[in-house]
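Comments concern the structure below.
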Amino acid sequence: MTGIGQVEVKVEGNGFGAEISGVDLVVGVSAAEFEAIHTAIIRHKVLVFRDQKLDDDSHFTFAQRFGPLEGHINTSTRQDRLPKLQVFGNVDAAGNPTGVHPERGTLVWHTDKSYVARPSLFTILRSPFVAREGGDTCFADMQRAYESLDAARTEGLAGLRAVHDWKRSREKSDERPATVEEIAAAPPVDHPLVRTHPDTGARTLYIGNHASHVLGQEVAEGETLLAELERHATQDQFIYRHRWRDNDVLMWDNRCTMHCVMPYDAATERRVVHRAVVQGDRPV
């Protein structure tokens, strides 16, 4: 356990992920508390805040402390009053499970909005309805995954760029097809397959379901490489698994992590998430 002022940071066993206590996100955080949180997210990549009874307004206020927020390409999930806050879940108007998990792309490994030129920086998530069985969120430490590769592999990855494509991502996750408007708003973009974290200088793998193929390679060859790297990066030693509790707030750095939702029974379990995303920088 470490801390700055009243903020305490309880680090997971391998240093990937940390639980933050000593702050009240509903009331708001001071400049010193914000600095401690920012230091922790850069160092540990995933943060958990327990027992935080946020509503949409306090969620939005906390998130925008980290920078401008961005809306989602899927306009149907935007909150009406706060359109840069995304809401999706498996409950109907009466609060009953629908049996359908929204956005099946969240069930596979990805990093948020890598299909745009300036992908997401931080994502801040809360779940008003927590699945009692399943529905955990898992994270992969892409810095450690890269650093564990042998020299020959890292040399082979140097200079490669992957194409990230919203349309292809939807196809891969068997989700509804991308609309004409969505394709126009988010045409394919390419990013370094190995990006450099601007705050730490660390190199990290930058892949996931939004990554379609590799520039300069046959599509099948690039798909095989991306699949191999994903299997490597999602080994147990690189994973933090978040088991949700009521009133959790979960925050992560998309520049050095991938994440996915674990399966749950959408016909019996209620699971709703509210999400705010901070606009990021162009990968280099």
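Identifiers in the structure tokens: chain A, B, ... in order shown; residue index from 1 per chain; ligand index from 1 in order shown.
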Residues of segment 77-104 of chain A at most 10 Å from segment 263-268 of chain A: nearest atom pair and distance in Å, only C-alpha atoms, as CSV:
residue,atom,partner,partner_atom,distance
A:Gly89,CA,A:Ala266,CA,9.5
A:Asn90,CA,A:Ala266,CA,6.6
A:Val91,CA,A:Ala266,CA,8.9
A:Asn96,CA,A:Thr268,CA,8.5
A:Pro97,CA,A:Ala267,CA,5.5
A:Thr98,CA,A:Ala267,CA,6.0
A:Gly99,CA,A:Ala267,CA,3.6
A:Val100,CA,A:Ala266,CA,5.6
A:His101,CA,A:Ala266,CA,5.9
A:Pro102,CA,A:Ala266,CA,9.5
Hey, what's within 12 Å of Ala40 of chain A if we count only C-alpha atoms and toss same-chain stuff fewer than 2 positions away? As a ChimeraX atom specification, please?
/A:2-4,7-11,15-21,33-38,42-49,251-253
Just write the chosen residues, N, CA and C atoms, as a CSV table (one decimal), in the first residue's frame.
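In the end it all went to result05.csv:
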chain,number,residue,atom,x,y,z
A,2,THR,N,0.7,2.1,-1.0
A,2,THR,CA,1.4,3.4,-1.0
A,2,THR,C,0.3,4.5,-1.0
A,3,GLY,N,0.8,5.8,-0.9
A,3,GLY,CA,-0.2,6.8,-1.0
A,3,GLY,C,0.4,8.2,-1.1
A,4,ILE,N,-0.4,9.1,-1.5
A,4,ILE,CA,-0.1,10.5,-1.6
A,4,ILE,C,-1.2,11.3,-0.9
A,7,VAL,N,-4.9,9.9,-0.5
A,7,VAL,CA,-5.1,8.9,-1.5
A,7,VAL,C,-4.2,7.7,-1.3
A,8,GLU,N,-4.8,6.5,-1.2
A,8,GLU,CA,-4.1,5.3,-1.0
A,8,GLU,C,-4.2,4.4,-2.2
A,9,VAL,N,-3.1,3.8,-2.6
A,9,VAL,CA,-3.0,3.0,-3.8
A,9,VAL,C,-2.6,1.6,-3.4
A,10,LYS,N,-3.5,0.7,-3.5
A,10,LYS,CA,-3.2,-0.7,-3.2
A,10,LYS,C,-3.0,-1.5,-4.5
A,11,VAL,N,-1.7,-1.9,-4.7
A,11,VAL,CA,-1.3,-2.4,-6.0
A,11,VAL,C,-1.5,-3.9,-6.1
A,15,GLY,N,1.8,-5.7,-10.1
A,15,GLY,CA,1.9,-4.3,-10.4
A,15,GLY,C,1.0,-3.8,-11.5
A,16,PHE,N,0.2,-4.7,-12.1
A,16,PHE,CA,-0.7,-4.3,-13.2
A,16,PHE,C,-2.1,-4.2,-12.5
A,17,GLY,N,-2.5,-2.9,-12.4
A,17,GLY,CA,-3.8,-2.7,-11.8
A,17,GLY,C,-3.6,-2.3,-10.3
A,18,ALA,N,-4.4,-1.3,-9.9
A,18,ALA,CA,-4.4,-0.9,-8.5
A,18,ALA,C,-5.7,-0.4,-8.0
A,19,GLU,N,-6.0,-0.5,-6.7
A,19,GLU,CA,-7.2,-0.1,-6.1
A,19,GLU,C,-6.9,1.3,-5.4
A,20,ILE,N,-7.8,2.3,-5.7
A,20,ILE,CA,-7.6,3.6,-5.1
A,20,ILE,C,-8.6,3.8,-4.1
A,21,SER,N,-8.2,4.3,-2.9
A,21,SER,CA,-9.1,4.7,-1.8
A,21,SER,C,-8.7,6.0,-1.3
A,33,GLU,N,-5.3,15.3,-5.1
A,33,GLU,CA,-5.9,14.0,-5.4
A,33,GLU,C,-5.8,13.6,-6.8
A,34,PHE,N,-6.2,14.6,-7.7
A,34,PHE,CA,-6.1,14.4,-9.1
A,34,PHE,C,-4.7,14.0,-9.5
A,35,GLU,N,-3.7,14.7,-9.1
A,35,GLU,CA,-2.4,14.4,-9.4
A,35,GLU,C,-2.0,13.0,-9.0
A,36,ALA,N,-2.4,12.6,-7.8
A,36,ALA,CA,-2.1,11.2,-7.3
A,36,ALA,C,-2.8,10.2,-8.2
A,37,ILE,N,-4.0,10.4,-8.6
A,37,ILE,CA,-4.7,9.5,-9.5
A,37,ILE,C,-4.1,9.4,-10.8
A,38,HIS,N,-3.7,10.6,-11.4
A,38,HIS,CA,-3.0,10.6,-12.7
A,38,HIS,C,-1.7,9.8,-12.6
A,42,ILE,N,-0.9,6.2,-14.9
A,42,ILE,CA,0.2,6.0,-15.7
A,42,ILE,C,1.1,4.9,-15.3
A,43,ARG,N,1.2,4.7,-14.0
A,43,ARG,CA,2.1,3.7,-13.4
A,43,ARG,C,1.5,2.3,-13.5
A,44,HIS,N,0.2,2.2,-13.2
A,44,HIS,CA,-0.4,0.9,-13.0
A,44,HIS,C,-1.4,0.5,-14.1
A,45,LYS,N,-1.8,1.4,-15.0
A,45,LYS,CA,-2.5,1.2,-16.2
A,45,LYS,C,-4.0,0.9,-16.0
A,46,VAL,N,-4.4,0.3,-14.9
A,46,VAL,CA,-5.8,0.1,-14.6
A,46,VAL,C,-6.1,0.5,-13.1
A,47,LEU,N,-7.1,1.3,-12.9
A,47,LEU,CA,-7.5,1.7,-11.5
A,47,LEU,C,-8.9,1.3,-11.2
A,48,VAL,N,-9.1,0.9,-9.9
A,48,VAL,CA,-10.4,0.6,-9.4
A,48,VAL,C,-10.7,1.5,-8.2
A,49,PHE,N,-11.9,2.1,-8.3
A,49,PHE,CA,-12.4,2.9,-7.2
A,49,PHE,C,-13.6,2.2,-6.6
A,251,MET,N,-11.2,2.4,-14.3
A,251,MET,CA,-10.5,3.4,-15.3
A,251,MET,C,-9.3,2.7,-15.8
A,252,TRP,N,-9.0,2.9,-17.1
A,252,TRP,CA,-7.8,2.3,-17.7
A,252,TRP,C,-7.3,3.2,-18.8
A,253,ASP,N,-6.0,2.9,-19.1
A,253,ASP,CA,-5.2,3.6,-20.1
A,253,ASP,C,-5.2,2.7,-21.4
Closest-contact table, segment 128-203 of chain A side, partner segment 104-119 of chain A, 10 Å, counting only C-alpha atoms, as CSV:
residue,atom,partner,partner_atom,distance
A:Gly135,CA,A:Leu107,CA,9.3
A:Thr137,CA,A:Leu107,CA,9.2
A:Cys138,CA,A:Trp109,CA,8.8
A:Phe139,CA,A:Trp109,CA,8.5
A:Ala140,CA,A:Trp109,CA,8.6
A:Val163,CA,A:Tyr115,CA,8.1
A:His164,CA,A:Tyr115,CA,4.6
A:Asp165,CA,A:Tyr115,CA,5.1
A:Trp166,CA,A:Tyr115,CA,5.7
A:Lys167,CA,A:Tyr115,CA,9.2
A:Arg168,CA,A:Tyr115,CA,9.8
A:Ser169,CA,A:Gly105,CA,7.5
A:Arg170,CA,A:Gly105,CA,6.9
A:Glu171,CA,A:Gly105,CA,9.4
A:Lys172,CA,A:Gly105,CA,8.2
A:Ser173,CA,A:Gly105,CA,5.2
A:Asp174,CA,A:Arg104,CA,7.3
A:Glu175,CA,A:Arg104,CA,6.0
A:Arg176,CA,A:Arg104,CA,9.2
A:Ala185,CA,A:Val116,CA,9.0
A:Ala186,CA,A:Val116,CA,6.1
A:Pro187,CA,A:Val116,CA,7.6
A:Pro188,CA,A:Tyr115,CA,6.5
A:Val189,CA,A:Tyr115,CA,6.1
A:Asp190,CA,A:Ala117,CA,7.9
A:His191,CA,A:Ala117,CA,8.1
Output C-alpha atoms for every residue in the selection just made, as a PDB file, in the first residue's frame.
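out.pdb written:
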ATOM      1  CA  GLY A 135     -19.432 -10.365 -16.712  1.00  0.00           C
ATOM      2  CA  THR A 137     -13.751  -7.254 -17.278  1.00  0.00           C
ATOM      3  CA  CYS A 138     -10.287  -8.561 -18.139  1.00  0.00           C
ATOM      4  CA  PHE A 139      -7.259  -6.468 -19.087  1.00  0.00           C
ATOM      5  CA  ALA A 140      -4.027  -7.398 -20.856  1.00  0.00           C
ATOM      6  CA  VAL A 163      -4.926  -1.098 -40.339  1.00  0.00           C
ATOM      7  CA  HIS A 164      -7.743  -0.531 -37.816  1.00  0.00           C
ATOM      8  CA  ASP A 165     -11.234  -0.579 -39.292  1.00  0.00           C
ATOM      9  CA  TRP A 166     -14.644  -0.108 -37.610  1.00  0.00           C
ATOM     10  CA  LYS A 167     -16.409  -1.919 -40.470  1.00  0.00           C
ATOM     11  CA  ARG A 168     -14.129  -4.953 -40.330  1.00  0.00           C
ATOM     12  CA  SER A 169     -14.247  -4.989 -36.523  1.00  0.00           C
ATOM     13  CA  ARG A 170     -18.037  -5.316 -36.654  1.00  0.00           C
ATOM     14  CA  GLU A 171     -17.754  -8.212 -39.076  1.00  0.00           C
ATOM     15  CA  LYS A 172     -15.187 -10.029 -36.937  1.00  0.00           C
ATOM     16  CA  SER A 173     -17.350  -9.799 -33.809  1.00  0.00           C
ATOM     17  CA  ASP A 174     -20.526 -10.852 -35.684  1.00  0.00           C
ATOM     18  CA  GLU A 175     -22.205  -7.560 -34.776  1.00  0.00           C
ATOM     19  CA  ARG A 176     -24.718  -5.644 -36.880  1.00  0.00           C
ATOM     20  CA  ALA A 185     -17.265   8.977 -39.971  1.00  0.00           C
ATOM     21  CA  ALA A 186     -14.585   6.359 -39.243  1.00  0.00           C
ATOM     22  CA  PRO A 187     -12.776   5.232 -42.387  1.00  0.00           C
ATOM     23  CA  PRO A 188      -9.880   2.767 -41.975  1.00  0.00           C
ATOM     24  CA  VAL A 189      -6.733   4.178 -40.372  1.00  0.00           C
ATOM     25  CA  ASP A 190      -3.297   2.671 -39.784  1.00  0.00           C
ATOM     26  CA  HIS A 191      -1.228   2.816 -36.579  1.00  0.00           C
TER      27      HIS A 191
END
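Nearest to Ala158 of chain A of all the residues A:Ile41, A:Val284, A:Ala276, A:Ile183 is A:Val284, based on only C-alpha atoms.
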Shortest interatomic distance to Gly201 of chain A - which of A:Gln143, A:Val261, A:Glu133, A:Leu229, counting only C-alpha atoms
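For Gly201 of chain A, the nearest of the candidates is A:Gln143.
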Which of segment 110-261 of chain A DSSP labels helix (DSSP H, G or I), written as JSON, numbers by chain
{"A": [142, 143, 144, 145, 146, 147, 151, 152, 153, 154, 155, 156, 157, 166, 167, 168, 169, 170, 171, 172, 180, 181, 182, 183, 184, 185, 219, 220, 221, 222, 223, 224, 225, 226, 227, 228, 229, 230, 231, 232, 233, 236, 237, 238]}
From A:Thr224, A:Thr39, A:Ser127, A:Gln237, residue lying nearest Asp56 of chain A [only C-alpha atoms]
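Answer, going by the shortest atom-to-atom distance: A:Ser127.
One distance worth recording is that between atom CA of Phe122 of chain A and atom CA of Asn14 of chain A, which is 21.1 Å.
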Of the candidates A:Met258, A:Thr61, A:Asp55, A:Val194, which one gets nearest to Glu147 of chain A if we count only C-alpha atoms?
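Residue with the minimum atom-to-atom distance to Glu147 of chain A: A:Val194.
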If we count only C-alpha atoms, what is near Val27 of chain A at a cut-off of 10 Å, once residues fewer than 4 positions away on the same chain are taken out, given as a ChimeraX atom specification?
/A:23,52,54,58,62
